[in-house]
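Report on the following structure.
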Amino acid sequence: MTEHLKMDEVQPRLLDETGQGAITRPMDRPEGPLKVSGRATYAAEYKAANMAFGVMVRAGITKGGYSIDESSVKDMDGFLGVWTDHMIRNSAQGMMDTNPVQLGQRVQYLGQPIAVVAAETFEQARHIANRLKVDYSPEDGDVDPETASQVDQSVALDQGDLEQAMKDAEFTVDSTYTTKPHNSAPMEPHASLAEWDGEKLTLHGSYQMLKYNKNELADSLDMDADDIRILAPYVGGGFGSKLGIAAEAVGAAVAAKALKRPVRVVMSRQNVFEMVVRRTETRQRVRLAADKDGRLTGLGHDNRQSNLPDEGFSEPVTLATHFLYGGENRRYEQEVARVHRMAAGSVRAPGEAVGMLALENAMDELAETVGIDPIDLRVRNIPEIHPESGKQYSSRSLAQCLKEGAASFGWDQRKGPKERREGEWYVGMGVAAAARTNILMESKARVTLNPDGTALVETDMTDIGTGTYAILGQIAAEMLGLDPSKVTVDLGDTDLPAGSGSGGSWGAASAGSSVFLGAKAIRAKLAERLGCEPSALRLQDGMATGGNNRRPLAELMEGPIAEEGHIEPGDMSDEMQQAGYGAHFAEVAVNSVTGEVRVRRTLSAMAAGRILNEKTAASQVHGGMIWGIGTALHEAIEHDPRTGHVVNNDLAEYHVPVHLDVPQLDVMFIEERDDHANPMQVKGIGELGLAGAGAAVTNAIYNACGVRVRDYPATPDRIFPHL
Ligand code: MOS
């Protein structure tokens, strides 16, 4: 039986009644010991009998035709083959309804995967890939977004008259901000082991969205998706780079088929930097018009970004701008410059991660201009209804996050620029709002309750480091009245019911809802056997109580009860504006001699509906803030201005925050339920933790030393000359 729910109506708050105490509490990850002891097997660690090794070959020119000269390597030790067909259909965007990268037999950027070679050993394959002769017919192509000849322009919104509002305003801000391209840099590089059994393909991979990845692979290989099984039980981070399949999956499958033996292809760190997706650089102009009290009357947010010619994806820079603050006159323009740099795609919090840097920096500038506290300014500008669509908001605890966060952080100790000095350090505080649209995706899961008081959860949902194993087990345990240690969770196998996949911060709420529904169907059966209404059933610690009966679970069961849960988004997704909110606070010290910035402490006050696990949710916010620190201070892909090549293509030269860059990070949750979100009243939190986070850091830099950084990242050279 399947318990199916299309989210067309508000659902009762069943999880407030269950009383097992399995959810919300900060439970450790059940798979944690496996991970820290190296016993959790990741894609690159699988072996198969008679396995061959593949290595990707990258394009050495920016644009043009190419042909592979197989004779240049075919006598080398261990050579098994080189394949160039199909490499072209490397779908970088995955399930997004945009075009995948379909490059044809042409190079569109330096570093593009153009072939895979296979050999008996990895070292031989790498040597062959380096020695392979490729004949190119190079052509000129734009690589600089600022001077590109092809630019697609669009006006995303034009409401009222922004120009007039700017003229009539008491106070205005008109500032331009730039952000650099970013790499998702997951700890685990992309890797695939492909094995064929006749027409059937099994792929051990590292992907976020298996039910879609299966279709993408089928599409690339021109085969039936039902003949593909993808396994990804553990994924060492994705951050968008594993939403869709990458070239190594196709390369492994093509080579394995031709060789009639298993082939494993593991991307090098350089491959990940060059071949997957980057976040676009942006140039953003934010215009704010405000009355004498600082209330917004106009808001403009324009951006210029880049992507390959014909790529469908664009960074949704104004995602949060649409609904976060009021102001009746609004205009957003977008320009996508067509350049021959690696494809731009989804990288953690696509849109908000860079869009809110600019918006929240501009709000800080407005607070300064108007002369009011940045928290007051934000609270004052929280709109009654969506300023564009006119919709109501579902749960929205933004004001509480700002106020309670401020109280907890000690915001009342904040002084003005250069007013707090400790030795050669200026110290200051900054705040930024966080907002991220909440999404529900279709998801299925099977829940089995056994007479011995154990349970099993099965879905092809992934755990990309987020805590899926923990929370899905907790939800089943809560609903079935079991200790979470009694629940086993099996994930990451396309033979299991199709889950939501991990992306867009929808995983916990969507996959979780399908587990909730499967368990709810089991509860209905148990209630019937106990002779009570489902609403009267109480399951706790293996005992069932209902009506006037109280019996051990086992007595109600003749054998296992297995039910499938199936959640689908419905009218509730559109009825109201649904988003998670928060407030990030940062205290930084800026060195008056060198311009160096040290983040001293941070606090993120978050409201994301019901919290399923206070530990894994806090970990998501920690990760978001670390991304925020990286975005604000460190991270930048540097493209060679001549060729577009990613110059800093490793973790030595692409700087992410390290331990010494990351101080005490505090997280607090504001109690909330979102009745429109799903039957668990849960909202996504992962990317919310990054939305706005970097702006809290740069706003703190301004408060410390009076230097307004508008070009990210805020490296010392951008601060020191202005001190
Ligand atoms: Mo996320 S960028 O949707 O993995």
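Chain identifiers are assigned as A, B, and so on, following the order in which chains appear in the structure tokens; residues are numbered from 1 within each chain, and ligands are numbered from 1 in order of appearance.
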Check every protein, DNA and RNA residue against ligand 1, keep those with an atom at most 9 Å away (counting only C-alpha atoms and all ligand atoms), and present them as a ChimeraX atom specification.
/A:184,208,237-243,345-350,502-506,686-687
Just all heavy atoms for this one: save the residues we selected as a tab-separated table (two decimals), in the first residue's frame.
chain	number	residue	atom	x	y	z
A	184	SER	N	32.75	24.51	-6.18
A	184	SER	CA	32.07	23.80	-5.10
A	184	SER	C	33.06	23.05	-4.22
A	184	SER	O	32.83	22.87	-3.04
A	184	SER	CB	31.04	22.83	-5.68
A	184	SER	OG	31.69	21.99	-6.61
A	208	GLN	N	24.12	13.43	-6.31
A	208	GLN	CA	23.15	13.98	-5.37
A	208	GLN	C	21.72	13.55	-5.66
A	208	GLN	O	20.89	13.52	-4.78
A	208	GLN	CB	23.20	15.52	-5.41
A	208	GLN	CG	24.51	16.12	-4.95
A	208	GLN	CD	24.56	17.64	-5.08
A	208	GLN	OE1	25.54	18.18	-5.54
A	208	GLN	NE2	23.50	18.35	-4.68
A	237	GLY	N	30.17	15.27	-0.07
A	237	GLY	CA	29.89	16.65	-0.46
A	237	GLY	C	29.59	16.75	-1.94
A	237	GLY	O	30.10	15.97	-2.76
A	238	GLY	N	28.75	17.68	-2.28
A	238	GLY	CA	28.39	17.89	-3.68
A	238	GLY	C	28.27	19.38	-3.95
A	238	GLY	O	28.88	19.90	-4.87
A	239	PHE	N	27.44	20.05	-3.13
A	239	PHE	CA	27.27	21.50	-3.22
A	239	PHE	C	26.82	21.93	-4.61
A	239	PHE	O	27.15	23.02	-5.06
A	239	PHE	CB	28.56	22.23	-2.82
A	239	PHE	CG	29.12	21.73	-1.51
A	239	PHE	CD1	30.33	21.07	-1.46
A	239	PHE	CD2	28.42	21.91	-0.34
A	239	PHE	CE1	30.83	20.59	-0.25
A	239	PHE	CE2	28.91	21.43	0.87
A	239	PHE	CZ	30.12	20.77	0.91
A	240	GLY	N	26.09	21.06	-5.30
A	240	GLY	CA	25.60	21.39	-6.63
A	240	GLY	C	26.40	20.73	-7.74
A	240	GLY	O	25.89	20.45	-8.81
A	241	SER	N	27.68	20.44	-7.47
A	241	SER	CA	28.52	19.89	-8.53
A	241	SER	C	28.15	18.46	-8.88
A	241	SER	O	28.58	17.95	-9.91
A	241	SER	CB	29.99	19.95	-8.11
A	241	SER	OG	30.27	18.97	-7.13
A	242	LYS	N	27.35	17.82	-8.03
A	242	LYS	CA	26.93	16.45	-8.29
A	242	LYS	C	25.42	16.34	-8.46
A	242	LYS	O	24.85	15.26	-8.34
A	242	LYS	CB	27.43	15.53	-7.17
A	242	LYS	CG	28.96	15.47	-7.09
A	242	LYS	CD	29.46	14.75	-5.83
A	242	LYS	CE	31.00	14.79	-5.79
A	242	LYS	NZ	31.52	14.32	-4.47
A	243	LEU	N	24.77	17.47	-8.74
A	243	LEU	CA	23.33	17.43	-9.04
A	243	LEU	C	23.11	16.62	-10.30
A	243	LEU	O	22.17	15.82	-10.39
A	243	LEU	CB	22.79	18.85	-9.26
A	243	LEU	CG	22.55	19.71	-8.04
A	243	LEU	CD1	22.27	21.15	-8.46
A	243	LEU	CD2	21.39	19.18	-7.21
A	345	GLY	N	27.18	26.89	-13.25
A	345	GLY	CA	26.02	26.12	-12.81
A	345	GLY	C	25.77	26.31	-11.33
A	345	GLY	O	26.26	27.26	-10.72
A	346	SER	N	25.01	25.38	-10.78
A	346	SER	CA	24.61	25.49	-9.38
A	346	SER	C	25.78	25.20	-8.45
A	346	SER	O	26.37	24.14	-8.49
A	346	SER	CB	23.50	24.49	-9.06
A	346	SER	OG	22.30	24.87	-9.68
A	347	VAL	N	26.09	26.16	-7.62
A	347	VAL	CA	27.03	25.97	-6.51
A	347	VAL	C	26.30	26.47	-5.26
A	347	VAL	O	25.62	27.50	-5.33
A	347	VAL	CB	28.34	26.76	-6.74
A	347	VAL	CG1	29.26	26.66	-5.53
A	347	VAL	CG2	29.06	26.25	-7.99
A	348	ARG	N	26.41	25.75	-4.19
A	348	ARG	CA	25.71	25.99	-2.92
A	348	ARG	C	24.96	27.32	-2.85
A	348	ARG	O	25.55	28.39	-3.02
A	348	ARG	CB	26.72	25.93	-1.78
A	348	ARG	CG	26.10	25.87	-0.39
A	348	ARG	CD	25.79	24.48	0.00
A	348	ARG	NE	25.39	24.34	1.39
A	348	ARG	CZ	24.63	23.34	1.82
A	348	ARG	NH1	24.21	22.43	0.98
A	348	ARG	NH2	24.29	23.25	3.08
A	349	ALA	N	23.65	27.25	-2.61
A	349	ALA	CA	22.78	28.43	-2.55
A	349	ALA	C	22.89	29.28	-3.80
A	349	ALA	O	23.16	30.49	-3.72
A	349	ALA	CB	23.04	29.27	-1.30
A	350	PRO	N	22.68	28.64	-4.97
A	350	PRO	CA	22.75	29.42	-6.21
A	350	PRO	C	21.77	30.60	-6.11
A	350	PRO	O	20.60	30.41	-5.81
A	350	PRO	CB	22.34	28.43	-7.30
A	350	PRO	CG	21.77	27.24	-6.61
A	350	PRO	CD	22.31	27.25	-5.21
A	502	SER	N	19.19	15.11	-3.16
A	502	SER	CA	19.71	16.20	-2.32
A	502	SER	C	20.03	17.39	-3.20
A	502	SER	O	20.95	17.34	-4.00
A	502	SER	CB	20.98	15.75	-1.60
A	502	SER	OG	20.73	14.63	-0.80
A	503	GLY	N	19.28	18.45	-3.03
A	503	GLY	CA	19.54	19.67	-3.79
A	503	GLY	C	18.58	20.73	-3.29
A	503	GLY	O	17.54	20.41	-2.71
A	504	GLY	N	18.95	21.97	-3.47
A	504	GLY	CA	18.03	23.06	-3.17
A	504	GLY	C	17.53	23.08	-1.74
A	504	GLY	O	16.49	23.69	-1.46
A	505	SER	N	18.24	22.44	-0.85
A	505	SER	CA	17.85	22.38	0.58
A	505	SER	C	16.47	21.75	0.79
A	505	SER	O	15.84	22.01	1.81
A	505	SER	CB	17.89	23.78	1.22
A	505	SER	OG	19.15	24.36	1.08
A	506	TRP	N	16.01	20.94	-0.15
A	506	TRP	CA	14.69	20.33	0.00
A	506	TRP	C	14.75	18.91	0.54
A	506	TRP	O	13.73	18.29	0.80
A	506	TRP	CB	13.93	20.34	-1.33
A	506	TRP	CG	14.62	19.59	-2.44
A	506	TRP	CD1	14.93	18.25	-2.48
A	506	TRP	CD2	15.07	20.12	-3.69
A	506	TRP	NE1	15.56	17.94	-3.66
A	506	TRP	CE2	15.65	19.07	-4.43
A	506	TRP	CE3	15.03	21.41	-4.26
A	506	TRP	CZ2	16.20	19.26	-5.71
A	506	TRP	CZ3	15.57	21.57	-5.52
A	506	TRP	CH2	16.15	20.52	-6.23
A	686	GLY	N	19.87	24.02	4.85
A	686	GLY	CA	21.27	23.94	4.40
A	686	GLY	C	21.77	25.22	3.79
A	686	GLY	O	22.74	25.83	4.28
A	687	GLU	N	21.15	25.64	2.72
A	687	GLU	CA	21.65	26.81	2.01
A	687	GLU	C	21.28	28.11	2.71
A	687	GLU	O	21.93	29.14	2.50
A	687	GLU	CB	21.17	26.79	0.56
A	687	GLU	CG	21.85	25.66	-0.21
A	687	GLU	CD	21.14	25.28	-1.49
A	687	GLU	OE1	19.89	25.16	-1.45
A	687	GLU	OE2	21.80	25.10	-2.52
Every residue of segment 30-161 of chain A that DSSP places in strand (DSSP E), as a ChimeraX atom specification
/A:52-58,64-69,79-83,106-107,113-119,133-138,151-159
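Using only C-alpha atoms, the smallest distance between any of A:Asn329, A:Thr602, A:Thr280, A:Thr459 and Pro316 of chain A comes from A:Thr280.
Taking only C-alpha atoms, the non-local environment of Leu299 of chain A within 6 Å (same-chain residues fewer than 6 positions away omitted) comprises Arg287, Leu288 and Arg330 of chain A.
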Mind writing the picked residues with N, CA, C and O atoms as a PDB file, in the first residue's frame?
ATOM      1  N   ARG A 287      20.276  49.385  -6.100  1.00  0.00           N
ATOM      2  CA  ARG A 287      19.767  50.725  -5.839  1.00  0.00           C
ATOM      3  C   ARG A 287      18.679  50.642  -4.777  1.00  0.00           C
ATOM      4  O   ARG A 287      17.765  49.815  -4.884  1.00  0.00           O
ATOM      5  N   LEU A 288      18.789  51.481  -3.765  1.00  0.00           N
ATOM      6  CA  LEU A 288      17.782  51.534  -2.715  1.00  0.00           C
ATOM      7  C   LEU A 288      17.291  52.970  -2.595  1.00  0.00           C
ATOM      8  O   LEU A 288      18.103  53.898  -2.542  1.00  0.00           O
ATOM      9  N   ARG A 330      10.239  48.715  -8.275  1.00  0.00           N
ATOM     10  CA  ARG A 330      11.299  47.693  -8.319  1.00  0.00           C
ATOM     11  C   ARG A 330      11.699  47.391  -9.758  1.00  0.00           C
ATOM     12  O   ARG A 330      10.855  47.318 -10.646  1.00  0.00           O
TER      13      ARG A 330
END
Do a neighbour search on Gly298 of chain A at 9 Å with only C-alpha atoms, toss out local chain neighbours closer than 4 positions, and write the hits as a compact mmCIF listing (two decimals) with N, CA, C and O atoms, in the first residue's frame.
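Written output follows (around_30.txt):
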# COMPACT_ATOMS: atom_id res chain seq x y z
N GLY A 160 6.34 49.65 -11.15
CA GLY A 160 6.35 51.06 -10.75
C GLY A 160 7.41 51.83 -11.52
O GLY A 160 7.67 51.53 -12.69
N ASP A 161 8.05 52.78 -10.86
CA ASP A 161 9.05 53.62 -11.53
C ASP A 161 10.24 53.83 -10.59
O ASP A 161 10.23 54.73 -9.75
N LEU A 162 11.22 52.98 -10.76
CA LEU A 162 12.37 53.03 -9.85
C LEU A 162 13.15 54.33 -10.00
O LEU A 162 13.57 54.93 -9.01
N GLU A 163 13.33 54.78 -11.26
CA GLU A 163 14.10 56.02 -11.49
C GLU A 163 13.47 57.18 -10.71
O GLU A 163 14.16 57.95 -10.05
N GLN A 164 12.16 57.28 -10.82
CA GLN A 164 11.46 58.36 -10.14
C GLN A 164 11.58 58.22 -8.63
O GLN A 164 11.80 59.19 -7.90
N ALA A 165 11.46 56.98 -8.17
CA ALA A 165 11.56 56.73 -6.73
C ALA A 165 12.94 57.15 -6.21
O ALA A 165 13.07 57.70 -5.11
N MET A 166 13.97 56.90 -7.01
CA MET A 166 15.33 57.30 -6.61
C MET A 166 15.42 58.83 -6.52
O MET A 166 16.06 59.38 -5.62
N ALA A 169 13.45 60.14 -3.41
CA ALA A 169 13.77 59.56 -2.11
C ALA A 169 14.52 60.54 -1.20
O ALA A 169 15.28 61.39 -1.67
N ARG A 287 20.28 49.39 -6.10
CA ARG A 287 19.77 50.73 -5.84
C ARG A 287 18.68 50.64 -4.78
O ARG A 287 17.76 49.82 -4.88
N LEU A 288 18.79 51.48 -3.77
CA LEU A 288 17.78 51.53 -2.71
C LEU A 288 17.29 52.97 -2.60
O LEU A 288 18.10 53.90 -2.54
N ALA A 289 15.98 53.12 -2.58
CA ALA A 289 15.38 54.44 -2.33
C ALA A 289 14.58 54.33 -1.05
O ALA A 289 13.82 53.38 -0.88
N ALA A 290 14.78 55.30 -0.14
CA ALA A 290 14.09 55.21 1.14
C ALA A 290 13.54 56.57 1.55
O ALA A 290 14.08 57.61 1.17
N GLY A 326 10.36 45.30 1.45
CA GLY A 326 9.33 46.01 0.71
C GLY A 326 9.90 47.07 -0.23
O GLY A 326 11.11 47.11 -0.49
N GLY A 327 9.01 47.95 -0.68
CA GLY A 327 9.38 49.00 -1.64
C GLY A 327 8.57 48.77 -2.90
O GLY A 327 8.69 47.71 -3.52
N GLU A 328 7.74 49.76 -3.28
CA GLU A 328 6.78 49.49 -4.36
C GLU A 328 7.38 49.61 -5.77
O GLU A 328 6.88 49.01 -6.69
N ASN A 329 8.45 50.36 -5.89
CA ASN A 329 9.06 50.53 -7.22
C ASN A 329 10.29 49.63 -7.34
O ASN A 329 11.25 49.79 -6.59
N ARG A 330 10.24 48.72 -8.28
CA ARG A 330 11.30 47.69 -8.32
C ARG A 330 11.70 47.39 -9.76
O ARG A 330 10.86 47.32 -10.65
N ARG A 331 12.99 47.16 -9.94
CA ARG A 331 13.46 46.80 -11.27
C ARG A 331 14.71 45.95 -11.17
O ARG A 331 15.65 46.29 -10.44
Can you work out the spacing between atom CA of Asn50 of chain A and atom CA of Gln270 of chain A in Å, to one decimal?
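Atom-to-atom, atom CA of Asn50 of chain A to atom CA of Gln270 of chain A, that is 27.3 Å.
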Near Gly706 of chain A, within 10 Å and counting only C-alpha atoms, which residues show up once chain neighbours fewer than 5 positions away are dropped, as an mmCIF file with N, CA and C atoms, in the first residue's frame?
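File written: part-v3.cif
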data_model
loop_
_atom_site.group_PDB
_atom_site.id
_atom_site.type_symbol
_atom_site.label_atom_id
_atom_site.label_comp_id
_atom_site.auth_asym_id
_atom_site.auth_seq_id
_atom_site.Cartn_x
_atom_site.Cartn_y
_atom_site.Cartn_z
ATOM 1 N N GLY A 416 30.947 52.529 16.734
ATOM 2 C CA GLY A 416 31.124 52.987 15.359
ATOM 3 C C GLY A 416 32.501 52.632 14.824
ATOM 4 N N PRO A 417 32.749 52.892 13.529
ATOM 5 C CA PRO A 417 34.040 52.581 12.916
ATOM 6 C C PRO A 417 35.222 53.198 13.674
ATOM 7 N N LYS A 418 36.239 52.415 13.873
ATOM 8 C CA LYS A 418 37.492 52.799 14.535
ATOM 9 C C LYS A 418 37.285 53.210 15.990
ATOM 10 N N GLU A 419 36.133 52.900 16.564
ATOM 11 C CA GLU A 419 35.892 53.285 17.960
ATOM 12 C C GLU A 419 36.283 52.193 18.949
ATOM 13 N N TYR A 426 41.399 46.875 14.840
ATOM 14 C CA TYR A 426 40.079 47.495 14.964
ATOM 15 C C TYR A 426 39.046 46.370 15.053
ATOM 16 N N GLY A 428 34.924 45.196 15.162
ATOM 17 C CA GLY A 428 33.565 45.646 14.857
ATOM 18 C C GLY A 428 32.606 44.494 14.681
ATOM 19 N N ASN A 699 30.093 43.633 6.511
ATOM 20 C CA ASN A 699 29.477 44.725 7.275
ATOM 21 C C ASN A 699 30.228 44.943 8.591
ATOM 22 N N ALA A 700 30.727 43.852 9.163
ATOM 23 C CA ALA A 700 31.529 43.972 10.388
ATOM 24 C C ALA A 700 32.870 44.660 10.091
ATOM 25 N N ILE A 701 33.423 44.394 8.913
ATOM 26 C CA ILE A 701 34.678 45.063 8.522
ATOM 27 C C ILE A 701 34.449 46.575 8.482
ATOM 28 N N ILE A 719 41.563 46.415 1.541
ATOM 29 C CA ILE A 719 41.250 47.107 2.789
ATOM 30 C C ILE A 719 42.364 48.083 3.163
ATOM 31 N N HIS A 722 42.776 51.791 2.141
ATOM 32 C CA HIS A 722 41.713 52.723 2.551
ATOM 33 C C HIS A 722 41.718 52.999 4.049
ATOM 34 N N LEU A 723 42.643 52.376 4.772
ATOM 35 C CA LEU A 723 42.655 52.555 6.231
ATOM 36 C C LEU A 723 43.200 53.934 6.621
#
Kindly provide the residues of segment 359-438 of chain A that approach segment 658-676 of chain A to within 10 Å, each paired with its closest atom pair and their distance in Å to one decimal, based on only C-alpha atoms, listed by chain and increasing number, as CSV.
residue,atom,partner,partner_atom,distance
A:Tyr393,CA,A:His676,CA,9.8
A:Ser394,CA,A:Asp674,CA,6.6
A:Ser395,CA,A:Asp674,CA,5.3
A:Arg396,CA,A:Glu672,CA,8.6
A:Ser397,CA,A:Ile670,CA,7.5
A:Leu398,CA,A:Ile670,CA,9.5
A:Gln400,CA,A:Ile670,CA,7.5
A:Cys401,CA,A:Ile670,CA,6.8
A:Glu404,CA,A:Ile670,CA,8.6
A:Gly405,CA,A:Met668,CA,7.8
A:Ser408,CA,A:Met668,CA,9.2
A:Phe409,CA,A:Asp666,CA,9.3
Who sits within 10 Å of Gln305 of chain A, only C-alpha atoms, same chain under 6 positions skipped, as a PDB file with C-alpha atoms, in the first residue's frame:
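To be explicit, this is the file written out as result-v2.pdb:
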ATOM      1  CA  PRO A 145      32.611  38.698 -19.298  1.00  0.00           C
ATOM      2  CA  GLU A 146      33.179  42.445 -19.240  1.00  0.00           C
ATOM      3  CA  VAL A 151      25.473  39.335 -24.040  1.00  0.00           C
ATOM      4  CA  ASP A 152      21.926  38.139 -23.416  1.00  0.00           C
ATOM      5  CA  THR A 178      31.537  42.284  -7.644  1.00  0.00           C
ATOM      6  CA  THR A 179      31.993  38.654  -6.721  1.00  0.00           C
ATOM      7  CA  PRO A 181      33.705  32.764  -9.599  1.00  0.00           C
ATOM      8  CA  ARG A 279      29.639  29.552  -9.886  1.00  0.00           C
ATOM      9  CA  THR A 280      29.632  32.551 -12.182  1.00  0.00           C
ATOM     10  CA  GLU A 281      31.364  35.756 -11.230  1.00  0.00           C
ATOM     11  CA  THR A 282      28.881  38.599 -10.809  1.00  0.00           C
ATOM     12  CA  ARG A 283      28.785  42.357 -11.079  1.00  0.00           C
ATOM     13  CA  GLN A 284      25.751  43.656  -9.240  1.00  0.00           C
ATOM     14  CA  SER A 314      21.831  31.496 -15.080  1.00  0.00           C
ATOM     15  CA  GLU A 315      22.602  32.323 -11.456  1.00  0.00           C
ATOM     16  CA  VAL A 317      20.921  36.466  -8.219  1.00  0.00           C
ATOM     17  CA  GLN A 334      20.157  40.634 -15.928  1.00  0.00           C
ATOM     18  CA  GLU A 335      22.952  40.232 -18.448  1.00  0.00           C
ATOM     19  CA  VAL A 336      24.580  36.912 -19.263  1.00  0.00           C
ATOM     20  CA  ALA A 337      27.862  37.370 -21.105  1.00  0.00           C
ATOM     21  CA  ARG A 338      28.721  34.423 -23.333  1.00  0.00           C
ATOM     22  CA  VAL A 339      32.294  33.382 -22.677  1.00  0.00           C
ATOM     23  CA  ALA A 344      28.549  28.030 -14.848  1.00  0.00           C
TER      24      ALA A 344
END
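Picture a line from atom CA of Leu530 of chain A to atom CA of Asp483 of chain A; it runs 21.1 Å.
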From the list A:Ile382, A:Leu537, A:Ala562, A:Cys532, which residue is nearest Leu517 of chain A when using only C-alpha atoms?
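Closest residue, counting only C-alpha atoms: A:Ala562.
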Segment 432-439 of chain A environment, 7 Å, only C-alpha atoms, sequence neighbours closer than 6 positions dropped, as an NGL selection string
:A and (320 or 360 or 506 or 578-585 or 683-684 or 688 or 691-693 or 695-696)
How about saving the chosen residues, N, CA and C atoms kept, as an mmCIF file, in the first residue's frame?
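Below you can see part.cif, which holds the result:
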data_model
loop_
_atom_site.group_PDB
_atom_site.id
_atom_site.type_symbol
_atom_site.label_atom_id
_atom_site.label_comp_id
_atom_site.auth_asym_id
_atom_site.auth_seq_id
_atom_site.Cartn_x
_atom_site.Cartn_y
_atom_site.Cartn_z
ATOM 1 N N ALA A 320 16.242 36.076 -3.470
ATOM 2 C CA ALA A 320 15.735 36.564 -2.182
ATOM 3 C C ALA A 320 15.301 38.025 -2.263
ATOM 4 N N GLU A 360 22.540 42.705 1.115
ATOM 5 C CA GLU A 360 22.708 42.941 2.550
ATOM 6 C C GLU A 360 23.839 43.929 2.842
ATOM 7 N N TRP A 506 16.013 20.938 -0.151
ATOM 8 C CA TRP A 506 14.689 20.334 -0.002
ATOM 9 C C TRP A 506 14.748 18.905 0.542
ATOM 10 N N GLN A 578 6.823 30.958 0.705
ATOM 11 C CA GLN A 578 7.440 30.095 1.722
ATOM 12 C C GLN A 578 8.951 30.243 1.680
ATOM 13 N N ALA A 579 9.525 30.574 2.816
ATOM 14 C CA ALA A 579 10.986 30.676 2.865
ATOM 15 C C ALA A 579 11.469 30.465 4.285
ATOM 16 N N GLY A 580 12.706 30.068 4.391
ATOM 17 C CA GLY A 580 13.375 30.052 5.676
ATOM 18 C C GLY A 580 14.059 31.402 5.878
ATOM 19 N N TYR A 581 14.214 31.802 7.137
ATOM 20 C CA TYR A 581 14.827 33.101 7.442
ATOM 21 C C TYR A 581 15.857 32.968 8.546
ATOM 22 N N GLY A 582 16.652 33.988 8.654
ATOM 23 C CA GLY A 582 17.625 33.982 9.736
ATOM 24 C C GLY A 582 18.355 35.312 9.809
ATOM 25 N N ALA A 583 19.234 35.401 10.778
ATOM 26 C CA ALA A 583 20.091 36.582 10.917
ATOM 27 C C ALA A 583 21.480 36.101 11.294
ATOM 28 N N HIS A 584 22.458 36.566 10.542
ATOM 29 C CA HIS A 584 23.855 36.229 10.830
ATOM 30 C C HIS A 584 24.536 37.425 11.494
ATOM 31 N N PHE A 585 25.309 37.127 12.522
ATOM 32 C CA PHE A 585 26.085 38.157 13.212
ATOM 33 C C PHE A 585 27.555 37.763 13.179
ATOM 34 N N LYS A 683 11.137 23.272 7.221
ATOM 35 C CA LYS A 683 11.680 23.975 6.057
ATOM 36 C C LYS A 683 13.170 23.638 5.898
ATOM 37 N N GLY A 684 13.679 23.864 4.707
ATOM 38 C CA GLY A 684 15.089 23.589 4.423
ATOM 39 C C GLY A 684 15.991 24.555 5.177
ATOM 40 N N LEU A 688 20.261 28.048 3.559
ATOM 41 C CA LEU A 688 19.899 29.223 4.358
ATOM 42 C C LEU A 688 21.098 29.674 5.194
ATOM 43 N N ALA A 691 23.131 31.897 2.929
ATOM 44 C CA ALA A 691 22.489 33.117 2.420
ATOM 45 C C ALA A 691 22.782 34.282 3.360
ATOM 46 N N GLY A 692 23.431 35.296 2.861
ATOM 47 C CA GLY A 692 23.708 36.502 3.658
ATOM 48 C C GLY A 692 24.934 36.427 4.552
ATOM 49 N N ALA A 693 25.436 35.213 4.798
ATOM 50 C CA ALA A 693 26.477 35.040 5.815
ATOM 51 C C ALA A 693 27.715 35.908 5.547
ATOM 52 N N ALA A 695 27.940 38.697 4.002
ATOM 53 C CA ALA A 695 27.691 40.132 4.176
ATOM 54 C C ALA A 695 27.809 40.536 5.642
ATOM 55 N N ALA A 696 27.490 39.611 6.562
ATOM 56 C CA ALA A 696 27.676 39.928 7.985
ATOM 57 C C ALA A 696 29.152 40.209 8.252
#
Near segment 22-45 of chain A, 12 Å: segment 529-615 of chain A residue rows, closest pairs, only C-alpha atoms, as a Markdown table:
| residue | atom | partner | partner_atom | distance |
| --- | --- | --- | --- | --- |
| A:Leu539 | CA | A:Ala22 | CA | 11.9 |
| A:Gln540 | CA | A:Ala22 | CA | 10.2 |
| A:Asp541 | CA | A:Ala22 | CA | 10.3 |
| A:Gly609 | CA | A:Thr24 | CA | 11.1 |
| A:Arg610 | CA | A:Thr24 | CA | 7.7 |
| A:Ile611 | CA | A:Thr24 | CA | 5.4 |
| A:Leu612 | CA | A:Thr24 | CA | 4.3 |
| A:Asn613 | CA | A:Thr24 | CA | 4.2 |
| A:Glu614 | CA | A:Pro26 | CA | 4.5 |
| A:Lys615 | CA | A:Pro26 | CA | 4.3 |
